[in-house]
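> input.cif is the file, holding mmCIF, C-alpha atoms:
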data_final
loop_
_atom_site.label_atom_id
_atom_site.label_comp_id
_atom_site.auth_asym_id
_atom_site.auth_seq_id
_atom_site.Cartn_x
_atom_site.Cartn_y
_atom_site.Cartn_z
CA ASP A 139 -13.05 6.73 7.26
CA ILE A 140 -9.90 8.01 8.94
CA GLN A 141 -8.33 10.88 6.97
CA MET A 142 -4.55 11.11 6.77
CA THR A 143 -3.03 14.56 6.17
CA GLN A 144 0.62 15.01 5.28
CA SER A 145 2.74 18.14 5.26
CA PRO A 146 4.42 19.56 3.41
CA SER A 147 3.08 18.38 0.05
CA SER A 148 6.47 19.09 -1.51
CA LEU A 149 9.92 19.67 -0.11
CA SER A 150 13.25 20.69 -1.59
CA ALA A 151 16.43 20.10 0.41
CA SER A 152 20.18 19.87 -0.09
CA VAL A 153 22.38 16.79 -0.11
CA GLY A 154 23.38 15.97 3.46
CA ASP A 155 20.34 17.68 5.02
CA ARG A 156 17.97 16.18 7.54
CA VAL A 157 14.33 16.36 6.45
CA THR A 158 11.13 15.78 8.40
CA ILE A 159 7.70 14.93 7.03
CA THR A 160 4.62 15.02 9.22
CA CYS A 161 1.41 13.03 9.07
CA ARG A 162 -1.77 13.64 11.06
CA ALA A 163 -4.67 11.24 11.46
CA SER A 164 -8.23 12.53 11.84
CA GLN A 165 -8.64 10.32 14.90
CA GLY A 166 -6.34 8.31 17.13
CA ILE A 167 -4.71 5.29 15.50
CA THR A 168 -2.41 4.24 18.37
CA ASN A 169 0.77 3.38 16.45
CA TYR A 170 -0.79 1.59 13.47
CA LEU A 171 1.02 3.69 10.91
CA ALA A 172 3.37 2.87 8.04
CA TRP A 173 5.57 5.02 5.81
CA PHE A 174 6.20 4.25 2.15
CA GLN A 175 8.68 5.52 -0.42
CA GLN A 176 7.60 5.61 -4.07
CA LYS A 177 9.97 6.43 -6.90
CA PRO A 178 8.57 7.40 -10.32
CA GLY A 179 7.11 4.45 -12.20
CA ARG A 180 7.69 2.09 -9.27
CA ALA A 181 5.54 0.47 -6.60
CA PRO A 182 5.49 1.90 -3.08
CA LYS A 183 8.09 0.39 -0.79
CA CYS A 184 7.52 0.01 2.94
CA LEU A 185 10.12 1.81 5.05
CA ILE A 186 8.57 1.85 8.51
CA PHE A 187 5.66 0.09 10.23
CA ALA A 188 4.16 0.40 13.70
CA ALA A 189 5.11 4.10 13.52
CA SER A 190 8.77 3.56 14.42
CA SER A 191 9.85 0.03 13.43
CA LEU A 192 12.31 -0.01 10.54
CA LYS A 193 11.57 -2.67 7.93
CA SER A 194 14.46 -5.06 7.41
CA GLU A 195 17.04 -3.95 4.84
CA VAL A 196 15.88 -0.32 5.01
CA PRO A 197 18.80 2.01 5.82
CA SER A 198 18.92 3.40 9.36
CA LYS A 199 18.94 6.95 7.95
CA PHE A 200 15.15 6.59 7.93
CA SER A 201 13.30 6.84 11.24
CA GLY A 202 9.74 7.30 12.39
CA SER A 203 8.07 8.51 15.55
CA GLY A 204 4.71 9.42 17.00
CA SER A 205 1.54 7.91 18.34
CA GLY A 206 -2.13 8.75 18.55
CA THR A 207 -2.74 11.29 15.80
CA ASP A 208 0.66 12.88 15.05
CA PHE A 209 3.57 11.15 13.34
CA THR A 210 6.86 12.07 11.69
CA LEU A 211 9.24 10.53 9.19
CA THR A 212 12.84 11.76 9.39
CA ILE A 213 15.48 11.21 6.73
CA ASN A 214 19.07 11.90 7.74
CA ASN A 215 21.95 12.72 5.38
CA LEU A 216 19.75 13.26 2.33
CA GLN A 217 21.14 11.71 -0.86
CA PRO A 218 20.03 11.93 -4.53
CA GLU A 219 18.63 8.38 -4.34
CA ASP A 220 16.14 9.55 -1.69
CA VAL A 221 14.26 11.61 -4.30
CA ALA A 222 10.76 10.14 -4.22
CA THR A 223 7.23 10.69 -2.99
CA TYR A 224 6.63 9.57 0.60
CA TYR A 225 3.25 8.40 1.87
CA CYS A 226 1.95 7.66 5.33
CA GLN A 227 -0.80 5.07 5.76
CA HIS A 228 -2.85 3.94 8.75
CA TYR A 229 -3.91 0.36 9.28
CA ASP A 230 -5.92 0.73 12.47
CA THR A 231 -9.37 0.02 11.01
CA TYR A 232 -11.04 -0.63 7.67
CA PRO A 233 -10.49 0.96 5.29
CA PRO A 234 -6.76 1.58 5.57
CA THR A 235 -6.07 4.98 4.01
CA PHE A 236 -3.05 6.89 2.73
CA GLY A 237 -1.90 10.45 3.13
CA GLY A 238 -1.68 12.73 0.12
CA GLY A 239 2.05 12.32 -0.25
CA THR A 240 5.16 14.47 0.12
CA LYS A 241 7.28 14.94 -2.99
CA LEU A 242 10.93 15.24 -1.99
CA GLU A 243 13.43 16.84 -4.34
CA ILE A 244 17.09 17.83 -4.17
CA LYS A 245 18.02 21.50 -4.45
CA GLU B 758 12.90 -13.24 -1.57
CA VAL B 759 9.25 -12.20 -1.76
CA HIS B 760 8.09 -11.84 -5.36
CA LEU B 761 4.65 -10.68 -6.49
CA VAL B 762 3.77 -10.41 -10.18
CA GLU B 763 0.47 -8.97 -11.36
CA SER B 764 -1.08 -9.61 -14.76
CA GLY B 765 -4.35 -9.17 -16.62
CA GLY B 766 -4.55 -5.40 -16.95
CA GLY B 767 -5.58 -3.65 -20.13
CA LEU B 768 -8.12 -1.41 -21.82
CA VAL B 769 -11.80 -2.10 -21.13
CA GLN B 770 -14.99 -0.20 -21.90
CA PRO B 771 -17.19 1.24 -19.15
CA GLY B 772 -19.53 -1.46 -17.88
CA GLY B 773 -17.07 -4.17 -18.85
CA CYS B 774 -15.20 -6.67 -16.73
CA LEU B 775 -11.62 -7.76 -16.18
CA ARG B 776 -9.84 -10.31 -14.01
CA LEU B 777 -6.44 -9.56 -12.52
CA SER B 778 -4.06 -12.18 -11.22
CA CYS B 779 -1.11 -12.01 -8.83
CA ALA B 780 1.47 -14.80 -8.76
CA ALA B 781 3.34 -15.05 -5.47
CA SER B 782 6.63 -16.73 -4.62
CA GLY B 783 9.34 -16.68 -1.97
CA PHE B 784 7.05 -17.19 1.04
CA THR B 785 4.33 -19.49 2.36
CA PHE B 786 1.40 -17.90 0.55
CA SER B 787 -1.34 -19.59 2.58
CA ASP B 788 -0.04 -18.03 5.82
CA TYR B 789 -0.53 -14.44 4.72
CA TYR B 790 -3.31 -11.92 4.21
CA MET B 791 -3.21 -10.55 0.66
CA ASP B 792 -4.51 -7.21 -0.59
CA TRP B 793 -5.20 -5.25 -3.75
CA VAL B 794 -4.28 -1.56 -3.72
CA ARG B 795 -4.77 0.76 -6.68
CA GLN B 796 -3.32 4.12 -7.64
CA ALA B 797 -4.88 6.44 -10.20
CA PRO B 798 -2.43 8.61 -12.17
CA GLY B 799 -1.01 11.35 -9.93
CA LYS B 800 -3.11 10.27 -6.94
CA ARG B 801 -2.47 8.64 -3.58
CA PRO B 802 -2.80 4.85 -3.32
CA GLU B 803 -6.26 3.52 -2.46
CA TRP B 804 -6.91 0.18 -0.77
CA VAL B 805 -9.34 -2.00 -2.77
CA GLY B 806 -9.81 -5.28 -0.94
CA ARG B 807 -8.34 -8.10 1.13
CA ALA B 808 -8.41 -11.88 1.33
CA ARG B 809 -7.41 -13.25 4.72
CA ASP B 810 -5.24 -16.32 5.18
CA ARG B 811 -6.27 -19.97 5.31
CA ALA B 812 -6.50 -19.87 9.11
CA ASN B 813 -9.19 -17.21 8.73
CA SER B 814 -11.05 -19.07 6.01
CA HIS B 815 -10.02 -16.68 3.24
CA THR B 816 -12.68 -14.18 4.33
CA THR B 817 -12.71 -10.86 2.49
CA GLU B 818 -13.05 -7.12 3.03
CA TYR B 819 -13.72 -4.39 0.48
CA ALA B 820 -13.54 -0.66 0.04
CA ALA B 821 -16.96 0.98 -0.23
CA SER B 822 -16.11 2.24 -3.72
CA VAL B 823 -15.85 -1.31 -5.13
CA LYS B 824 -18.10 -3.37 -2.86
CA GLY B 825 -20.62 -5.33 -4.91
CA ARG B 826 -18.63 -4.88 -8.13
CA PHE B 827 -15.21 -6.37 -7.30
CA THR B 828 -14.40 -9.79 -5.83
CA VAL B 829 -11.08 -10.79 -4.25
CA SER B 830 -10.26 -14.49 -4.24
CA ARG B 831 -7.23 -16.69 -3.84
CA ASP B 832 -6.02 -20.17 -4.69
CA ASP B 833 -3.40 -21.26 -2.18
CA SER B 834 -2.59 -24.37 -4.25
CA LYS B 835 -1.46 -22.04 -7.04
CA ASN B 836 0.03 -19.32 -4.80
CA SER B 837 -2.23 -16.89 -6.58
CA LEU B 838 -4.48 -13.95 -5.74
CA TYR B 839 -7.23 -12.69 -8.02
CA LEU B 840 -9.37 -9.59 -8.49
CA GLN B 841 -12.55 -9.96 -10.51
CA MET B 842 -13.73 -6.52 -11.57
CA ASN B 843 -17.26 -6.12 -12.94
CA SER B 844 -19.32 -3.08 -13.94
CA LEU B 845 -16.15 -1.09 -14.45
CA LYS B 846 -16.29 2.70 -14.35
CA THR B 847 -13.91 5.30 -15.76
CA GLU B 848 -12.91 6.16 -12.19
CA ASP B 849 -11.55 2.61 -11.77
CA THR B 850 -8.67 3.53 -14.10
CA ALA B 851 -5.48 2.95 -12.12
CA VAL B 852 -2.40 0.83 -11.63
CA TYR B 853 -3.48 -2.15 -9.53
CA TYR B 854 -0.96 -3.56 -7.07
CA CYS B 855 -0.99 -6.85 -5.25
CA ALA B 856 0.39 -6.50 -1.72
CA ARG B 857 1.29 -8.98 0.99
CA SER B 858 0.20 -8.05 4.50
CA SER B 859 2.13 -9.09 7.57
CA ARG B 860 0.92 -9.25 11.14
CA ASP B 861 2.83 -7.08 13.57
CA SER B 862 3.21 -7.70 17.30
CA SER B 863 -0.11 -5.98 18.01
CA GLY B 864 -2.06 -8.24 15.67
CA HIS B 865 -2.63 -5.59 13.02
CA TYR B 866 -1.69 -6.12 9.37
CA ASN B 867 0.44 -3.79 7.23
CA PHE B 868 1.44 -3.94 3.55
CA ASP B 869 5.03 -5.11 3.66
CA ASN B 870 5.67 -6.18 0.06
CA TRP B 871 4.15 -5.01 -3.23
CA GLY B 872 4.18 -6.22 -6.83
CA GLN B 873 5.12 -4.00 -9.74
CA GLY B 874 1.48 -3.36 -10.67
CA THR B 875 -0.71 -3.76 -13.75
CA LEU B 876 -2.49 -0.89 -15.50
CA VAL B 877 -6.24 -0.95 -15.95
CA THR B 878 -7.74 1.68 -18.24
CA VAL B 879 -11.51 2.06 -18.41
CA SER B 880 -12.44 4.13 -21.43
CA SER B 881 -14.75 4.10 -24.42
#
What is this structure when it is put down as structure tokens?

Amino acid sequence: DIQMTQSPSSLSASVGDRVTITCRASQGITNYLAWFQQKPGRAPKCLIFAASSLKSEVPSKFSGSGSGTDFTLTINNLQPEDVATYYCQHYDTYPPTFGGGTKLEIK
Amino acid sequence: EVHLVESGGGLVQPGGCLRLSCAASGFTFSDYYMDWVRQAPGKRPEWVGRARDRANSHTTEYAASVKGRFTVSRDDSKNSLYLQMNSLKTEDTAVYYCARSSRDSSGHYNFDNWGQGTLVTVSS
């Protein structure tokens, strides 16, 4: 199975900051990578697919980049409603697997 | 608007069985791959299994951890997805989500919409 490793595991930033979360795959996955946002007690919500394509109705403050094994999620102008855990997930082969998550908090 | 509603969760003893359902609305159900994804408390999500669309004869795929114990099925006439879980283990305790998968331009499928989940607790 392809292992997905995220860093950092937790992150504290100020309102208005730009934050970056990284995700590394244990082998190349081209661009078959999605990013999810999960708020406490809620289902994960897809933000980005194909590494950099923004899902419809997701604010443009979220962006993704990368290919092969290294990927990033960037959140601009951090707001209190962005507090959540963020997961990356590959869908290159079976089984699709998720990263360990990055818990984002506001300072 | 895509709407997915899971049901059927509850408390079951180890070795027992349970059947989950997912009612779909807001899209042409038969045209989409559908998946089950679970999440144990405080853990990352884990993919469980998939039922492909009608064009692909509803064929299925499973995670190694559930293969032989769980069965994914669907009834397109009822816009419903099912997960039959047999020989349940304590490590199957999780919130189970139904997810729709969409095909991107490369022909790969990603989870683009999720239900709210149903909790399965396996305990004596």
> Env of Gln873 in chain B: 8 Å cut, atoms = only C-alpha atoms, seq-sep filter 6 positions within chain, self excluded. Answer as a VMD selection string.
(chain A and resid 180 to 181) or (chain B and resid 761 to 763 854)
> Could you write out as a list in words the residues that the PyMOL selection byres ((chain B and resi 815) around 10) matches in the shown file?
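Applying the PyMOL selection byres ((chain B and resi 815) around 10) to the structure shown produces Ser787, Tyr789, Tyr790, Met791, Arg807, Ala808, Arg809, Asp810, Arg811, Ala812, Asn813, Ser814, Thr816, Thr817, Val829, Ser830, Arg831, Asp832 and Asp833 of chain B.
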> Between B:Ser764, B:Thr828, B:Asp792, B:Tyr839, single out the one closest to Asp869 in chain B, counting all atoms listed in the file.
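Of the candidates, the smallest distance to Asp869 in chain B is held by B:Asp792.
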> Check which residues satisfy the PyMOL selection byres ((chain B) within 7 of (chain A)) in the file shown, then give them as a list in words.
Arg801, Pro802, Glu803, Trp804, Ala820, Tyr866, Asn867, Asp869, Trp871, Gly872, Gln873 and Gly874 of chain B
> Apply the PyMOL selection byres ((chain A and resi 144-153) around 9) to the structure shown and report the selected residues as a list of chain:residue names.
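For this structure, the PyMOL selection byres ((chain A and resi 144-153) around 9) resolves to A:Met142, A:Thr143, A:Gly154, A:Asp155, A:Arg156, A:Val157, A:Ile159, A:Thr160, A:Cys161, A:Arg162, A:Ala163, A:Asn215, A:Leu216, A:Gln217, A:Pro218, A:Thr223, A:Tyr225, A:Cys226, A:Gly237, A:Gly238, A:Gly239, A:Thr240, A:Lys241, A:Leu242, A:Glu243, A:Ile244, A:Lys245.
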> What is the CA of Ala821 in chain B to CA of Val852 in chain B distance in Å?
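Atom-to-atom, CA of Ala821 in chain B to CA of Val852 in chain B, that is 18.5 Å.
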> Nearest to Trp173 in chain A among B:Phe868, B:Gly772, B:Gly783, B:Gly766, with distances taken over all atoms listed in the file: which residue is it?
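Smallest separation from Trp173 in chain A among the options: B:Phe868.
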> Using CA of Thr210 in chain A and CA of Ala856 in chain B as the two end points, give the distance in Å to one decimal.
23.8 Å
> Could you name the residues that touch Tyr819 in chain B at 6 Å or less, counting all atoms listed in the file, but leaving out those on the same chain fewer than 5 positions away, as a list in words?
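Non-adjacent residues within range: Val805, Gly806 and Lys824 of chain B.
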> Considering all atoms listed in the file, return as an MDAnalysis selection string whatever protein or nucleic-acid residues lie within 6 Å of range 166-168 of chain A, sequence-local ones (same chain, fewer than 4 positions apart) excluded.
chainID A and resid 205:207 230
> Quick one: distance from CA of Ser198 in chain A to CA of Gln175 in chain A in Å, one decimal?
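Pair CA of Ser198 in chain A / CA of Gln175 in chain A returns 14.3 Å.
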> Using only C-alpha atoms, which protein or nucleic acid residues come within 12 Å of Ser834 in chain B? Drop anything in the same chain fewer than 3 positions from it, and give the result as number ranges by chain.
B: 780-782, 785-787, 811, 831, 837-838
> Those same residues - C-alpha atoms - I'd like them written as an mmCIF file, in the frame of the given file.

data_model
loop_
_atom_site.group_PDB
_atom_site.id
_atom_site.type_symbol
_atom_site.label_atom_id
_atom_site.label_comp_id
_atom_site.auth_asym_id
_atom_site.auth_seq_id
_atom_site.Cartn_x
_atom_site.Cartn_y
_atom_site.Cartn_z
ATOM 1 C CA ALA B 780 1.470 -14.800 -8.760
ATOM 2 C CA ALA B 781 3.340 -15.050 -5.470
ATOM 3 C CA SER B 782 6.630 -16.730 -4.620
ATOM 4 C CA THR B 785 4.330 -19.490 2.360
ATOM 5 C CA PHE B 786 1.400 -17.900 0.550
ATOM 6 C CA SER B 787 -1.340 -19.590 2.580
ATOM 7 C CA ARG B 811 -6.270 -19.970 5.310
ATOM 8 C CA ARG B 831 -7.230 -16.690 -3.840
ATOM 9 C CA SER B 837 -2.230 -16.890 -6.580
ATOM 10 C CA LEU B 838 -4.480 -13.950 -5.740
#
> Assuming the input is short of atoms at range 858-869 of chain B, produce all heavy atoms for that part as a compact mmCIF listing (two decimals), keeping the file's coordinate frame.

# COMPACT_ATOMS: atom_id res chain seq x y z
N SER B 858 0.34 -8.70 3.20
CA SER B 858 0.20 -8.05 4.50
C SER B 858 0.73 -8.94 5.59
O SER B 858 0.41 -10.12 5.66
CB SER B 858 -1.27 -7.71 4.77
OG SER B 858 -1.66 -6.60 3.99
N SER B 859 1.54 -8.36 6.46
CA SER B 859 2.13 -9.09 7.57
C SER B 859 1.56 -8.61 8.89
O SER B 859 1.27 -7.43 9.05
CB SER B 859 3.65 -8.92 7.58
OG SER B 859 4.23 -9.65 6.54
N ARG B 860 1.46 -9.55 9.82
CA ARG B 860 0.92 -9.25 11.14
C ARG B 860 2.03 -8.74 12.04
O ARG B 860 3.07 -9.38 12.18
CB ARG B 860 0.32 -10.53 11.73
CG ARG B 860 -0.39 -10.39 13.05
CD ARG B 860 -0.99 -11.75 13.44
NE ARG B 860 -1.81 -11.69 14.62
CZ ARG B 860 -1.37 -11.82 15.86
NH1 ARG B 860 -0.08 -12.02 16.07
NH2 ARG B 860 -2.18 -11.76 16.89
N ASP B 861 1.81 -7.56 12.64
CA ASP B 861 2.83 -7.08 13.57
C ASP B 861 2.52 -7.57 14.97
O ASP B 861 1.56 -8.31 15.19
CB ASP B 861 2.98 -5.55 13.48
CG ASP B 861 1.75 -4.80 13.97
OD1 ASP B 861 0.91 -5.38 14.70
OD2 ASP B 861 1.61 -3.61 13.61
N SER B 862 3.31 -7.16 15.94
CA SER B 862 3.21 -7.70 17.30
C SER B 862 1.88 -7.38 17.95
O SER B 862 1.47 -8.04 18.91
CB SER B 862 4.36 -7.18 18.16
OG SER B 862 4.33 -5.77 18.20
N SER B 863 1.18 -6.36 17.42
CA SER B 863 -0.11 -5.98 18.01
C SER B 863 -1.27 -6.72 17.38
O SER B 863 -2.42 -6.57 17.81
CB SER B 863 -0.32 -4.47 17.81
OG SER B 863 -0.49 -4.20 16.43
N GLY B 864 -0.99 -7.51 16.34
CA GLY B 864 -2.06 -8.24 15.67
C GLY B 864 -2.68 -7.50 14.52
O GLY B 864 -3.67 -7.97 13.94
N HIS B 865 -2.15 -6.34 14.18
CA HIS B 865 -2.63 -5.59 13.02
C HIS B 865 -1.76 -5.92 11.80
O HIS B 865 -0.61 -6.35 11.94
CB HIS B 865 -2.59 -4.09 13.28
CG HIS B 865 -3.73 -3.61 14.13
ND1 HIS B 865 -3.92 -4.06 15.41
CD2 HIS B 865 -4.74 -2.74 13.88
CE1 HIS B 865 -5.01 -3.47 15.92
NE2 HIS B 865 -5.51 -2.68 15.01
N TYR B 866 -2.34 -5.70 10.61
CA TYR B 866 -1.69 -6.12 9.37
C TYR B 866 -1.29 -4.91 8.53
O TYR B 866 -2.12 -4.02 8.29
CB TYR B 866 -2.63 -7.02 8.57
CG TYR B 866 -2.81 -8.37 9.21
CD1 TYR B 866 -3.69 -8.54 10.26
CD2 TYR B 866 -2.06 -9.45 8.78
CE1 TYR B 866 -3.83 -9.77 10.87
CE2 TYR B 866 -2.20 -10.70 9.38
CZ TYR B 866 -3.09 -10.85 10.43
OH TYR B 866 -3.22 -12.07 11.02
N ASN B 867 -0.03 -4.88 8.08
CA ASN B 867 0.44 -3.79 7.23
C ASN B 867 1.03 -4.35 5.95
O ASN B 867 1.51 -5.48 5.90
CB ASN B 867 1.46 -2.94 7.97
CG ASN B 867 2.70 -3.71 8.34
OD1 ASN B 867 3.68 -3.74 7.60
ND2 ASN B 867 2.69 -4.37 9.48
N PHE B 868 0.98 -3.53 4.87
CA PHE B 868 1.44 -3.94 3.55
C PHE B 868 2.95 -3.95 3.51
O PHE B 868 3.57 -2.89 3.42
CB PHE B 868 0.92 -2.97 2.48
CG PHE B 868 -0.55 -2.64 2.55
CD1 PHE B 868 -0.98 -1.33 2.48
CD2 PHE B 868 -1.50 -3.64 2.68
CE1 PHE B 868 -2.33 -1.01 2.54
CE2 PHE B 868 -2.86 -3.33 2.74
CZ PHE B 868 -3.27 -2.01 2.67
N ASP B 869 3.57 -5.11 3.57
CA ASP B 869 5.03 -5.11 3.66
C ASP B 869 5.75 -5.40 2.35
O ASP B 869 6.94 -5.13 2.24
CB ASP B 869 5.51 -6.06 4.76
CG ASP B 869 5.28 -7.52 4.42
OD1 ASP B 869 4.51 -7.83 3.48
OD2 ASP B 869 5.85 -8.38 5.12
